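**Q** Structure in structure tokens, see below.
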Amino acid sequence: MSPSPSPDPFPPPSARAFAPASVGNVAVGFDLLGHSVAGAGDIATVRRTEAPGVRISAIRGVVTDLPREPEANTAGAALLSLLAAQAPGFGFELTLDKGIALGSGMGGSAASCVAALVAANALLEVPLPREALYPHALAGESVASGARTGDNVGPMLLGGLVLATPDRLLRLSPPAAWHCALVHPHFVLETLRAREVLAAPYPLAALVQQTANLSQVLLGCERGDAALVRAGLRDALVEPRRAPLVPGFAAVKQAALDAGAMGASLSGAGPSVFAWCEDAATARAAAAAMRTAFAGAGLGSDVFVSPLDGPAAALLPPGADSGAGPGFLR
């Protein structure tokens with residue numbers, strides 16, 4: 001647990017925060033495992049108000065048609081949860097600047113609620129440690145996905161690769177050299193639709209295989225053993241059912257593997273595809289090959305290359321940009 005911040009007798013009247021994109025599920029950790037990605041994210045500006053509750057005053061950026069009703073918006077719902085728990089005696093006014101497209105598989109809904117929580121937390125007389133924001137982030141994320149899943153909000157809160165159980169965040173330590181190539185095709189796949197194909201039961205053998213794969217990936221990350229990750233980074237459950245929803249997926253995945261990736265799969269619900277690589281040069285080569293494969297399916301794409309140990313959500317000085325760091329390659 002991170003230490004509790006000291007009380008601030010004069011908390012600021014407003015704050016801005018940035019939350020990065022993320023890779024959810026990481027193939028073998030459905031709703032449990034994720035890591036943050038440098039190069040894209042959302043910004044939330046939160047202002048203290050005398051009126052109780054939450055008001056969303058503006059939504060700008062790559063998405064503008066999100067609900068303004070707080071309970072129907074991931075960021076608004078997260079702030080309502082925080083207010084209910086802390087009862088600070090004031091309300092919040094929220095402005096969102098969206099840098100992550102919805103339906104991209106890059107944690108766009110999670111980034112909004114985490115950025116809002118980090119900004120709002122700075123306005124409390126006694127700000128909470130990051131781990132204490134987790135239940136409120138889950139409340140926000142459930143608005144978009146229909147479930148309290150932490151594989152996106154967890155790594156955004158703490159940074160890096162995180163195992164997010166229903167009540168705990170565990171940060172992992174893969175080698176610093178390991179990088180991710182993330183390619184976002186210009187195609188929308190809504191999370192709720194992607195979840196519909198998972199409704200049928202799974203055979204026990206597939207569950208056992210997925211457990212073995214996840215165990216190898218987790219142990220490989222902690223040991224810095226790429227061979228273990230290569231053996232385990234294979235989705236036996238979700239990818240086979242979701243892959244047909246993403247044009248060109250099989251060719252994109254194969255392009256990443258041919259370029260030397262340890263493994264590749266859908267990022268979150270898709271349609272973005274990620275590949276884990278042992279170094280930045282391999283990640284750049286994999287990203288280029290994946291982009292070419294998507295082009296072969298008739299889709300343009302955006303490319304991100306980031307360390308697995310990606311950034312955490314952070315407060316921004318007034319007027320500052322996101323500070324997301326180099327990661328986006330057009």
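Numbering starts fresh at 1 for the residues of each chain in the structure tokens, the chains themselves are lettered A, B, ... in the order given, and ligands are numbered from 1 as they appear.
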Enumerate the residues of stretch 59-178 of chain A with a DSSP assignment of strand (DSSP E or B), computed from the backbone, and present them as a list in words.

**A** Ile59, Arg60, Gly61, Gly91, Phe92, Glu93, Leu94, Thr95, Leu96, Asp97, Lys98, Leu161, Val162, Leu163, Ala164, Thr165, Arg168, Leu169, Leu170 and Arg171 of chain A

**Q** Using only C-alpha atoms, determine which residues lie at most 10 Å from A:Gly296, disregarding the query and same-chain residues fewer than 2 positions distant; provide the list as a ChimeraX atom specification.

**A** /A:247-248,251-252,290-294,298-300

**Q** Would you save the residues from that selection as a JSON list (two decimals), in the first residue's frame, using N, CA, C and O atoms?

**A**
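New file again-v1.json:
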```json
[["chain", "number", "residue", "atom", "x", "y", "z"],
["A", 247, "PRO", "N", -11.52, -7.76, -38.34],
["A", 247, "PRO", "CA", -11.02, -8.05, -39.68],
["A", 247, "PRO", "C", -9.49, -8.16, -39.72],
["A", 247, "PRO", "O", -8.79, -7.32, -39.18],
["A", 248, "GLY", "N", -9.00, -9.23, -40.30],
["A", 248, "GLY", "CA", -7.56, -9.40, -40.47],
["A", 248, "GLY", "C", -6.81, -9.85, -39.24],
["A", 248, "GLY", "O", -5.57, -9.88, -39.26],
["A", 251, "ALA", "N", -3.93, -12.58, -39.57],
["A", 251, "ALA", "CA", -2.74, -12.10, -40.28],
["A", 251, "ALA", "C", -1.95, -11.12, -39.43],
["A", 251, "ALA", "O", -0.70, -11.12, -39.45],
["A", 252, "VAL", "N", -2.65, -10.29, -38.65],
["A", 252, "VAL", "CA", -1.97, -9.32, -37.79],
["A", 252, "VAL", "C", -1.18, -10.03, -36.70],
["A", 252, "VAL", "O", -0.03, -9.72, -36.42],
["A", 290, "MET", "N", 2.46, -5.43, -38.09],
["A", 290, "MET", "CA", 1.04, -5.53, -37.75],
["A", 290, "MET", "C", 0.23, -4.48, -38.49],
["A", 290, "MET", "O", -0.88, -4.75, -38.97],
["A", 291, "ARG", "N", 0.79, -3.29, -38.59],
["A", 291, "ARG", "CA", 0.09, -2.22, -39.30],
["A", 291, "ARG", "C", -0.09, -2.58, -40.78],
["A", 291, "ARG", "O", -1.15, -2.35, -41.37],
["A", 292, "THR", "N", 0.94, -3.16, -41.37],
["A", 292, "THR", "CA", 0.85, -3.59, -42.76],
["A", 292, "THR", "C", -0.21, -4.66, -42.94],
["A", 292, "THR", "O", -0.97, -4.66, -43.92],
["A", 293, "ALA", "N", -0.30, -5.57, -41.97],
["A", 293, "ALA", "CA", -1.30, -6.63, -42.05],
["A", 293, "ALA", "C", -2.71, -6.07, -41.94],
["A", 293, "ALA", "O", -3.62, -6.53, -42.65],
["A", 294, "PHE", "N", -2.92, -5.10, -41.07],
["A", 294, "PHE", "CA", -4.24, -4.47, -40.99],
["A", 294, "PHE", "C", -4.57, -3.76, -42.31],
["A", 294, "PHE", "O", -5.71, -3.78, -42.77],
["A", 298, "GLY", "N", -7.75, -3.86, -45.31],
["A", 298, "GLY", "CA", -8.49, -2.66, -45.66],
["A", 298, "GLY", "C", -8.67, -1.67, -44.53],
["A", 298, "GLY", "O", -9.52, -0.79, -44.62],
["A", 299, "LEU", "N", -7.87, -1.79, -43.46],
["A", 299, "LEU", "CA", -8.02, -0.91, -42.30],
["A", 299, "LEU", "C", -6.75, -0.09, -42.07],
["A", 299, "LEU", "O", -5.65, -0.64, -41.99],
["A", 300, "GLY", "N", -6.92, 1.23, -41.95],
["A", 300, "GLY", "CA", -5.84, 2.04, -41.44],
["A", 300, "GLY", "C", -5.69, 1.82, -39.95],
["A", 300, "GLY", "O", -6.57, 1.23, -39.30]]
```

**Q** Which residue is closest to A:Arg130? Choose from A:Pro155, A:Asn213, A:Gly91, A:Arg195 and count only C-alpha atoms.

**A**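 Closest to A:Arg130 of all the choices is A:Pro155.
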
**Q** Once DSSP has gone over the backbone, tell me which residues of stretch 47-281 of chain A are in helix (DSSP H, G or I), as JSON, numbers by chain.

**A** {"A": [70, 71, 72, 74, 75, 76, 77, 78, 79, 80, 81, 82, 83, 84, 85, 86, 108, 109, 110, 111, 112, 113, 114, 115, 116, 117, 118, 119, 120, 121, 130, 131, 132, 133, 134, 135, 136, 137, 138, 139, 140, 141, 142, 143, 144, 145, 153, 154, 155, 156, 157, 158, 191, 192, 193, 194, 195, 196, 204, 205, 206, 207, 208, 209, 210, 211, 212, 213, 214, 215, 216, 217, 218, 219, 220, 221, 222, 223, 226, 227, 228, 229, 230, 231, 232, 239, 240, 241, 242, 243, 244, 245, 249, 250, 251, 252, 253, 254, 255, 256, 257, 258, 280, 281]}

**Q** Near A:Ala84, counting only C-alpha atoms, which residues have an atom at most 12 Å away, once you skip same-chain residues fewer than 5 positions from it, shown as a JSON list (two decimals) with C-alpha atoms, in the first residue's frame?

**A**
```
[["chain", "number", "residue", "atom", "x", "y", "z"],
["A", 52, "PRO", "CA", -23.62, 18.46, -3.94],
["A", 53, "GLY", "CA", -23.25, 15.67, -6.44],
["A", 54, "VAL", "CA", -21.48, 15.58, -9.80],
["A", 77, "ALA", "CA", -20.15, 7.24, -11.66],
["A", 78, "ALA", "CA", -16.63, 6.97, -10.21],
["A", 79, "LEU", "CA", -16.92, 10.45, -8.70],
["A", 89, "GLY", "CA", -19.25, 18.43, 2.06],
["A", 90, "PHE", "CA", -18.95, 19.63, -1.54],
["A", 91, "GLY", "CA", -19.54, 18.38, -5.06],
["A", 135, "PRO", "CA", -13.21, 0.46, -5.57],
["A", 136, "HIS", "CA", -14.44, 3.78, -6.98],
["A", 139, "ALA", "CA", -17.78, 1.43, -9.83]]
```

**Q** Write out as a VMD selection string which residues come within 10 Å of A:Ala269 when counting only C-alpha atoms, dropping same-chain ones fewer than 6 positions away.

**A** chain A and resid 23 to 25 30 103 to 107 145 189 to 195 238 to 239 242 to 243 245

**Q** Counting only C-alpha atoms, what is within 10 Å of A:Arg48, bar same-chain residues fewer than 5 positions away, as a short mmCIF file (atom, residue, chain, number, x, y, z; two decimals) with N, CA and C atoms, in the first residue's frame?

**A**
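In the end it all went to part_11.cif:
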```cif
data_model
loop_
_atom_site.label_atom_id
_atom_site.label_comp_id
_atom_site.auth_asym_id
_atom_site.auth_seq_id
_atom_site.Cartn_x
_atom_site.Cartn_y
_atom_site.Cartn_z
N PRO A 11 -6.60 22.69 0.26
CA PRO A 11 -6.61 21.95 -1.00
C PRO A 11 -7.02 22.88 -2.14
N PRO A 12 -6.53 22.61 -3.34
CA PRO A 12 -6.83 23.49 -4.47
C PRO A 12 -8.31 23.43 -4.84
N PRO A 13 -8.82 24.46 -5.51
CA PRO A 13 -10.23 24.44 -5.92
C PRO A 13 -10.47 23.57 -7.15
N SER A 14 -9.42 23.28 -7.91
CA SER A 14 -9.57 22.44 -9.09
C SER A 14 -8.26 21.70 -9.36
N ALA A 15 -8.36 20.64 -10.15
CA ALA A 15 -7.17 19.85 -10.48
C ALA A 15 -7.40 19.17 -11.82
N VAL A 54 -22.43 15.47 -8.70
CA VAL A 54 -21.48 15.58 -9.80
C VAL A 54 -22.18 16.21 -11.00
N GLY A 89 -18.51 17.19 1.83
CA GLY A 89 -19.25 18.43 2.06
C GLY A 89 -19.28 19.35 0.85
N PHE A 90 -18.87 18.86 -0.30
CA PHE A 90 -18.95 19.63 -1.54
C PHE A 90 -19.16 18.65 -2.69
N GLY A 91 -19.36 19.20 -3.89
CA GLY A 91 -19.54 18.38 -5.06
C GLY A 91 -18.42 18.58 -6.06
N PHE A 92 -18.57 17.97 -7.25
CA PHE A 92 -17.55 18.06 -8.29
C PHE A 92 -18.18 18.48 -9.62
N GLU A 93 -17.47 19.34 -10.32
CA GLU A 93 -17.79 19.64 -11.71
C GLU A 93 -16.67 19.08 -12.56
N LEU A 94 -17.02 18.33 -13.60
CA LEU A 94 -16.06 17.56 -14.38
C LEU A 94 -16.05 17.97 -15.84
N ALA A 120 -9.98 14.48 -8.70
CA ALA A 120 -10.87 14.75 -7.57
C ALA A 120 -10.20 14.45 -6.24
N LEU A 123 -8.46 17.17 -4.49
CA LEU A 123 -9.28 18.23 -3.90
C LEU A 123 -9.77 17.89 -2.50
N LEU A 124 -9.54 16.65 -2.06
CA LEU A 124 -9.93 16.26 -0.71
C LEU A 124 -8.95 16.82 0.31
#
```

**Q** Looking at only C-alpha atoms, which of A:Leu128, A:Arg47, A:Ala27, A:Gly140 is the one that sits closest to A:Ala75?

**A**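 With only C-alpha atoms as the atom set, the closest residue is A:Gly140.
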
**Q** With only C-alpha atoms as the atoms that count, which of A:Ala212, A:Ala144, A:Ile43, A:Ala137 lies nearest to A:Leu157?

**A**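 Closest to A:Leu157, using only C-alpha atoms: A:Ala137.
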
**Q** Ranking A:Asp97, A:Asp302, A:Asp225, A:Glu69 by minimum distance to A:Ser173 and counting only C-alpha atoms, which one comes first?

**A**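 Distance minimum relative to A:Ser173 lands on A:Asp225.
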
**Q** Using only C-alpha atoms, can you tell me which of A:Ile56, A:Val162, A:Val273, A:Val26 comes closest to A:Leu182?

**A**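 Answer, going by the shortest atom-to-atom distance: A:Val273.
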
**Q** Compile the contact shell of A:Asp42 as a PyMOL selection string: residues with an atom at most 7 Å away, counting only C-alpha atoms, same-chain residues fewer than 4 positions apart removed.

**A** chain A and resi 18-20+97-100+111-112+115

**Q** So the first atom is atom CA of A:Phe274 and the second is atom CA of A:Lys253; what is the distance between them in Å, to one decimal place?

**A**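 Straight-line distance from atom CA of A:Phe274 to atom CA of A:Lys253 works out to 8.4 Å.
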
**Q** Could you state the separation of atom CA of A:Pro240 and atom CA of A:Pro175 in Å, given to one decimal place?

**A**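 For atom CA of A:Pro240 relative to atom CA of A:Pro175, the distance reads 28.9 Å.
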
**Q** May I have the residues within 7 Å of A:His179 as a short mmCIF file (atom, residue, chain, number, x, y, z; two decimals) with N, CA, C and O atoms, in the first residue's frame, using only C-alpha atoms and disregarding those fewer than 5 positions away in the same chain?

**A**
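Writing the result to selection_8.cif gives the following:
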```
data_model
loop_
_atom_site.label_atom_id
_atom_site.label_comp_id
_atom_site.auth_asym_id
_atom_site.auth_seq_id
_atom_site.Cartn_x
_atom_site.Cartn_y
_atom_site.Cartn_z
N TRP A 276 3.83 -8.54 -27.23
CA TRP A 276 4.90 -8.36 -26.26
C TRP A 276 6.23 -8.74 -26.91
O TRP A 276 6.33 -9.80 -27.56
N CYS A 277 7.23 -7.90 -26.68
CA CYS A 277 8.55 -8.11 -27.30
C CYS A 277 9.64 -7.94 -26.25
O CYS A 277 9.45 -7.24 -25.25
N GLU A 278 10.80 -8.53 -26.52
CA GLU A 278 11.89 -8.50 -25.55
C GLU A 278 12.66 -7.19 -25.54
O GLU A 278 13.46 -6.94 -24.64
N ASP A 279 12.45 -6.34 -26.56
CA ASP A 279 13.13 -5.05 -26.59
C ASP A 279 12.35 -4.09 -27.48
O ASP A 279 11.44 -4.49 -28.22
N ALA A 280 12.75 -2.82 -27.42
CA ALA A 280 12.02 -1.79 -28.16
C ALA A 280 12.15 -1.95 -29.66
O ALA A 280 11.20 -1.72 -30.42
N ALA A 283 9.80 -4.51 -30.85
CA ALA A 283 8.44 -3.99 -30.76
C ALA A 283 8.12 -3.06 -31.93
O ALA A 283 7.02 -3.11 -32.49
N VAL A 305 4.13 2.19 -29.29
CA VAL A 305 5.18 1.32 -28.75
C VAL A 305 5.52 1.85 -27.36
O VAL A 305 5.85 3.02 -27.19
N SER A 306 5.43 0.97 -26.36
CA SER A 306 5.57 1.40 -24.97
C SER A 306 6.26 0.33 -24.15
O SER A 306 6.08 -0.86 -24.40
N PRO A 307 7.03 0.72 -23.15
CA PRO A 307 7.52 -0.28 -22.19
C PRO A 307 6.34 -0.95 -21.49
O PRO A 307 5.29 -0.34 -21.31
N LEU A 308 6.50 -2.22 -21.10
CA LEU A 308 5.46 -2.84 -20.28
C LEU A 308 5.31 -2.09 -18.97
O LEU A 308 4.21 -2.03 -18.40
#
```
